[in-house]
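What follows is one structure encoded as structure tokens, with my remarks underneath.
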Protein chains: 2
Amino acid sequence: LKTTTSVAASKDFVEDTLWLNGAVEEGDNARLKQCISAMRELALLHGDPKGIANYKVHICSNNNFPTAAGLASSASGYACLAYALGCLFGLVDEGKEDRIAELSRVARVGSGSACRSLYGGFVEWEMGKLEDGLDSIAIQVAKETHWPDLHILVLVASSHKKATSSTAGMQRTVATSPLLQHRAQVIVPERMLQMKKAIVDKDFQNFALLTMQDSNQFHSVCLDTYPPIFYLNDTSRSVIQLVTQFNEKSKTGIRAAYTFDAGPNAVLYVQKENLVELLEGILHFFPSAPNQSASEYFSDPMSVLDKNKPTPDSLPEWYSSFGLTPNPGALKYILHTVPGSGPQILSSDHSLLNANGTPKA
Amino acid sequence: LKTTTSVAASKDFVEDTLWLNGAVEEGDNARLKQCISAMRELALLHGDPKGIANYKVHICSNNNFPTAAGLASSASGYACLAYALGCLFGLVDEGKEDRIAELSRVARVGSGSACRSLYGGFVEWEMGKLEDGLDSIAIQVAKETHWPDLHILVLVASSHKKATSSTAGMQRTVATSPLLQHRAQVIVPERMLQMKKAIVDKDFQNFALLTMQDSNQFHSVCLDTYPPIFYLNDTSRSVIQLVTQFNEKSKTGIRAAYTFDAGPNAVLYVQKENLVELLEGILHFFPSAPNQSASEYFSDPMSVLDKNKPTPDSLPEWYSSFGLTPNPGALKYILHTVPGSGPQILSSDHSLLNANGTPKA
């Protein structure tokens with residue numbers, strides 16, 4: 001899952017402009033403006049190395065996954081934007097690790113969780129204690145190469161935009177949920193310690209249990225909000241039921257975990273040895289819509305299925321006891337991935353902008 | 001919503017037998033046995049006035065609403081059973097109010113919330129402090145005649161049996177939800193005081209707000225359970241959205257409230273003056289299935305619609321801004337009712353048992 005962003009600055013540009021997924025962004029995007037402003041301030045603070053921080057910028061950004069569907073598109077997008085502008089303004093150099101921390105703070109202006117995406121692998125977002133939030137920063141817990149057996153399946157239940165944006169939703173939860181304070185002050189700090197240990201130890205049992213429990217509790221405080229916020233739908237609940245039963249039938253403890261961000265799409269974690277068996281169950285209970293090709297439905301860049309060829313015939317008999325009915329088309333598509341790296345600079349032939357600063361496509 | 005129960009005792013009966021909704025209950029029903037046992041003990045404690053407490057009993061019980069669908073059928077059933085056996089064993093006399101409290105304790109053996117249903121109107125179930133639960137009792141807050149303008153609509157989303165029984169579900173929540181303790185110890189006691197005041201004052205605004213917030217929070221801790229418990233489905237969520245928007249468009253504050261027990265069915269509270277307008281919206285967005293007659297779909301013993309005749313034409317224009325799509329058949333049926341009385345003794349021609357103690361039907 002990635003965002004690709006190209007940026008250009010010129011004294012000839014009339015205004016800051018963003019093309020997102022091929023369409024120009026109209027109207028007032030306050031968070032975008034604040035984020036660009038914060039980048040200009042940061043460049044000026046460091047002496048404006050390229051002398052272009054006050055030029056207007058053109059930004060062209062594409063996600064290879066649905067925007068505003070609960071797949072953290074704004075986290076990915078703002079992290080990528082901060083890094084791209086950082087490169088443009090001459091702020092990113094080899095060996096200047098603390099610059100990444102500064103870019104992370106700027107990305108957070110656009111979207112809180114974007115602060116994490118400046119790093120690869122497993123990243124913690126520390127709550128911090130200061131009123132101004134300056135100590136609320138992201139710290140890498142482990143690199144993306146730390147746990148190579150950990151695989152990820154993204155089950156996209158819907159590419160519709162969310163009814164409630166995650167930022168607006170969280171603000172309403174903070175204002176009205178009596179359970180949120182208890183969660184934030186008592187439960188999350190303890191779970192963060194346990195989770196970091198589980199990651200460092202590559203302890204899948206605890207990693208998976210904490211992941212599921214904390215996903216449940218996040219959606220729990222959304223529901224405790226008034227009026228309540230629902231990100232999970234009936235498809236999400238069927239996925240939870242599938243994973244729960246997959247684990248209950250397991251002879252070796254928990255073998256899969258689900259987590260849901262601010263949307264109905266599931267992110268499943270599974271170790272490599274159990275990936276194909278889990279995928280068989282998912283493809284059995286959530287087959288593609290009748291008019292959809294297998295390659296449209298399941299994005300398989302690592303060729304898991306080519307090597308293993310799960311078919312309905314190879315389905316373990318115990319799946320029949322799951323009490324679930326196959327539901328064709330309930331999922332839009334499935335992505336298979338692994339923990340990824342932080343921002344990468346691509347060669348200029350990947351640029352989304354022409355030499356004159358307008359989108360290529 | 002009511003349970004009708006007939007009981008008979010005879011030295012000729014071979015075993016305690018229950019016919020529930022026309023079918024004999026097979027197998028071991030531990031809660032039923034415990035409840036009958038507790039009634040025998042209570043009769044013996046009071047000198048067994050009729051001398052029949054040790055006879056086997058035949059019980060025939062019908063609900064006029066779906067069983068085990070989250071409509072508190074076990075609360076209604078066990079309260080009715082305790083009262084019926086109390087009458088049979090000679091324990092219920094005019095003027096002996098404390099006997100009702102004793103029957104309430106016995107009903108609680110069958111189903112916790114049954115303790116409330118020995119009283120009419122608005123009833124509190126006190127948590128109590130004793131380890132043995134003997135001080136966890138029901139107390140009437142106000143009689144059923146206290147708030148005549150308060151009406152109730154029950155929206156039955158599904159008559160399927162629940163995936164998780166409410167008793168088993170609550171036990172799993174107690175064992176695994178980190179948020180439940182905070183809810184039980186900090187939030188509920190405060191809300192109970194506010195709710196009793198709102199009922200006594202007939203303060204619909206606060207009554208409705210507390211009702212919705214506490215329904216949300218109950219389902220919130222169900223979701224915080226591991227594995228999570230879901231009683232709400234996509235239809236429940238649409239009902240919540242409808243009521244939320246009905247209130248947001250209101251010029252006079254909150255005019256309707258939803259609450260969901262351990263199932264997807266909604267119970268809506270609305271004052272008489274707003275009943276027809278709310279009902280118009282419900283019938284617009286949740287029309288009956290195409291093959292269902294209006295009288296099958298909406299049970300209207302008080303003839304609300306006959307007098308007011310809401311039709312699609314009379315629908316307020318602002319309903320069109322609700323962002324909901326009419327969903328025919330999403331609800332099975334709708335019941336209209338008001339707060340009811342406690343147990344009533346019917347004349348013998350209503351008996352469900354023949355003179356020989358077998359079911360009439």
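Here's how to read the names in the structure tokens: chain A, B, ... by the order shown, residue numbers from 1 in each chain, ligand numbers from 1 in the order shown.
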Give one line per residue of chain A that approaches chain B to at most 6 Å, naming the two atoms of the closest pair and their distance in Å to one decimal, counting only C-alpha atoms; sort by chain then ascending residue number and deliver it as CSV.
residue,atom,partner,partner_atom,distance
A:Asn216,CA,B:Asp224,CA,5.2
A:Gln217,CA,B:Asp224,CA,4.8
A:Ser220,CA,B:Ser220,CA,4.3
A:Leu223,CA,B:Ser220,CA,5.4
A:Asp224,CA,B:Gln217,CA,4.8
Nearby residues (only C-alpha atoms) at most 7 Å from stretch 29-36 of chain A, same-chain spacing under 5 positions excluded, as a list in words: Val106, Ala107, Val109 and Gly110 of chain A
Can I get the selection written as a compact mmCIF listing (two decimals), in the first residue's frame, with N, CA, C and O atoms?
# COMPACT_ATOMS: atom_id res chain seq x y z
N VAL A 106 5.78 17.67 11.08
CA VAL A 106 5.01 18.43 10.08
C VAL A 106 3.89 17.55 9.49
O VAL A 106 2.75 18.01 9.33
N ALA A 107 4.22 16.30 9.21
CA ALA A 107 3.20 15.39 8.66
C ALA A 107 2.02 15.29 9.62
O ALA A 107 0.85 15.23 9.21
N VAL A 109 0.73 17.53 11.35
CA VAL A 109 -0.17 18.68 11.18
C VAL A 109 -1.29 18.32 10.19
O VAL A 109 -2.44 18.72 10.36
N GLY A 110 -0.94 17.53 9.17
CA GLY A 110 -1.93 17.14 8.17
C GLY A 110 -2.86 16.05 8.67
O GLY A 110 -4.07 16.11 8.51
Identify all residues of stretch 115-328 of chain A in helix (DSSP H, G or I) (DSSP on the backbone) and supply them as JSON, numbers by chain. {"A": [115, 116, 117, 118, 166, 167, 168, 169, 170, 171, 172, 173, 174, 175, 176, 178, 179, 180, 181, 182, 183, 184, 185, 186, 187, 188, 189, 190, 191, 192, 193, 194, 195, 196, 197, 198, 199, 200, 204, 205, 206, 207, 208, 209, 210, 211, 212, 213, 214, 215, 216, 217, 218, 219, 220, 221, 222, 223, 234, 235, 236, 237, 238, 239, 240, 241, 242, 243, 244, 245, 246, 247, 248, 272, 273, 274, 275, 276, 277, 278, 279, 280, 281, 282, 283, 284, 285, 294, 295, 296, 297, 304, 305, 306, 307, 308, 312, 313, 314, 317, 318, 319, 320, 321, 322]}
DSSP on the backbone, then: every residue of stretch 150-316 of chain A marked strand (DSSP E or B), written as a compact mmCIF listing (two decimals) with N, CA, C and O atoms, in the first residue's frame.
# COMPACT_ATOMS: atom_id res chain seq x y z
N LEU A 150 5.93 -12.26 9.10
CA LEU A 150 4.63 -11.62 9.36
C LEU A 150 4.04 -11.09 8.06
O LEU A 150 4.61 -10.21 7.43
N HIS A 151 2.88 -11.64 7.69
CA HIS A 151 2.22 -11.22 6.46
C HIS A 151 0.91 -10.51 6.78
O HIS A 151 0.36 -10.64 7.87
N ILE A 152 0.45 -9.76 5.79
CA ILE A 152 -0.73 -8.92 5.98
C ILE A 152 -1.69 -9.14 4.82
O ILE A 152 -1.28 -9.16 3.66
N LEU A 153 -2.96 -9.33 5.16
CA LEU A 153 -4.01 -9.35 4.15
C LEU A 153 -4.95 -8.19 4.43
O LEU A 153 -5.43 -8.03 5.56
N VAL A 154 -5.20 -7.36 3.42
CA VAL A 154 -6.14 -6.26 3.56
C VAL A 154 -7.42 -6.65 2.84
O VAL A 154 -7.40 -6.92 1.63
N LEU A 155 -8.51 -6.73 3.58
CA LEU A 155 -9.80 -7.12 3.02
C LEU A 155 -10.64 -5.85 2.84
O LEU A 155 -11.14 -5.30 3.82
N VAL A 156 -10.76 -5.41 1.63
CA VAL A 156 -11.45 -4.15 1.38
C VAL A 156 -12.95 -4.41 1.22
O VAL A 156 -13.40 -5.01 0.25
N ALA A 256 -4.19 -16.14 13.60
CA ALA A 256 -4.53 -14.99 12.76
C ALA A 256 -5.10 -13.90 13.65
O ALA A 256 -5.66 -14.17 14.72
N ALA A 257 -4.94 -12.65 13.23
CA ALA A 257 -5.48 -11.52 13.98
C ALA A 257 -6.15 -10.57 13.00
O ALA A 257 -5.71 -10.43 11.86
N TYR A 258 -7.23 -9.92 13.48
CA TYR A 258 -7.87 -8.89 12.67
C TYR A 258 -7.67 -7.55 13.36
O TYR A 258 -7.52 -7.47 14.58
N THR A 259 -7.66 -6.50 12.58
CA THR A 259 -7.77 -5.15 13.14
C THR A 259 -8.48 -4.28 12.12
O THR A 259 -8.37 -4.49 10.90
N PHE A 260 -9.29 -3.37 12.63
CA PHE A 260 -10.07 -2.47 11.78
C PHE A 260 -9.76 -1.05 12.22
O PHE A 260 -9.88 -0.72 13.39
N ALA A 266 -10.95 -4.90 6.83
CA ALA A 266 -10.14 -5.63 7.80
C ALA A 266 -8.68 -5.65 7.35
O ALA A 266 -8.39 -5.77 6.16
N VAL A 267 -7.77 -5.54 8.32
CA VAL A 267 -6.37 -5.87 8.10
C VAL A 267 -6.11 -7.12 8.92
O VAL A 267 -6.35 -7.13 10.13
N LEU A 268 -5.68 -8.19 8.26
CA LEU A 268 -5.40 -9.44 8.96
C LEU A 268 -3.90 -9.66 9.02
O LEU A 268 -3.19 -9.44 8.04
N TYR A 269 -3.43 -10.10 10.19
CA TYR A 269 -2.04 -10.51 10.33
C TYR A 269 -2.00 -12.02 10.45
O TYR A 269 -2.83 -12.62 11.16
N VAL A 270 -1.03 -12.61 9.78
CA VAL A 270 -0.90 -14.06 9.82
C VAL A 270 0.56 -14.39 9.52
O VAL A 270 1.21 -13.69 8.74
N GLN A 271 1.08 -15.42 10.16
CA GLN A 271 2.45 -15.80 9.84
C GLN A 271 2.46 -16.62 8.55
O GLN A 271 1.49 -17.29 8.21
N PHE A 298 -8.01 -10.50 -6.17
CA PHE A 298 -6.94 -10.75 -5.21
C PHE A 298 -5.62 -10.28 -5.79
O PHE A 298 -5.10 -10.86 -6.74
N SER A 299 -5.09 -9.23 -5.21
CA SER A 299 -3.83 -8.69 -5.65
C SER A 299 -2.72 -9.48 -4.96
O SER A 299 -2.61 -9.46 -3.74
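In this model, the gap between atom CA of A:Ile345 and atom CA of A:Phe122 comes to 20.4 Å.
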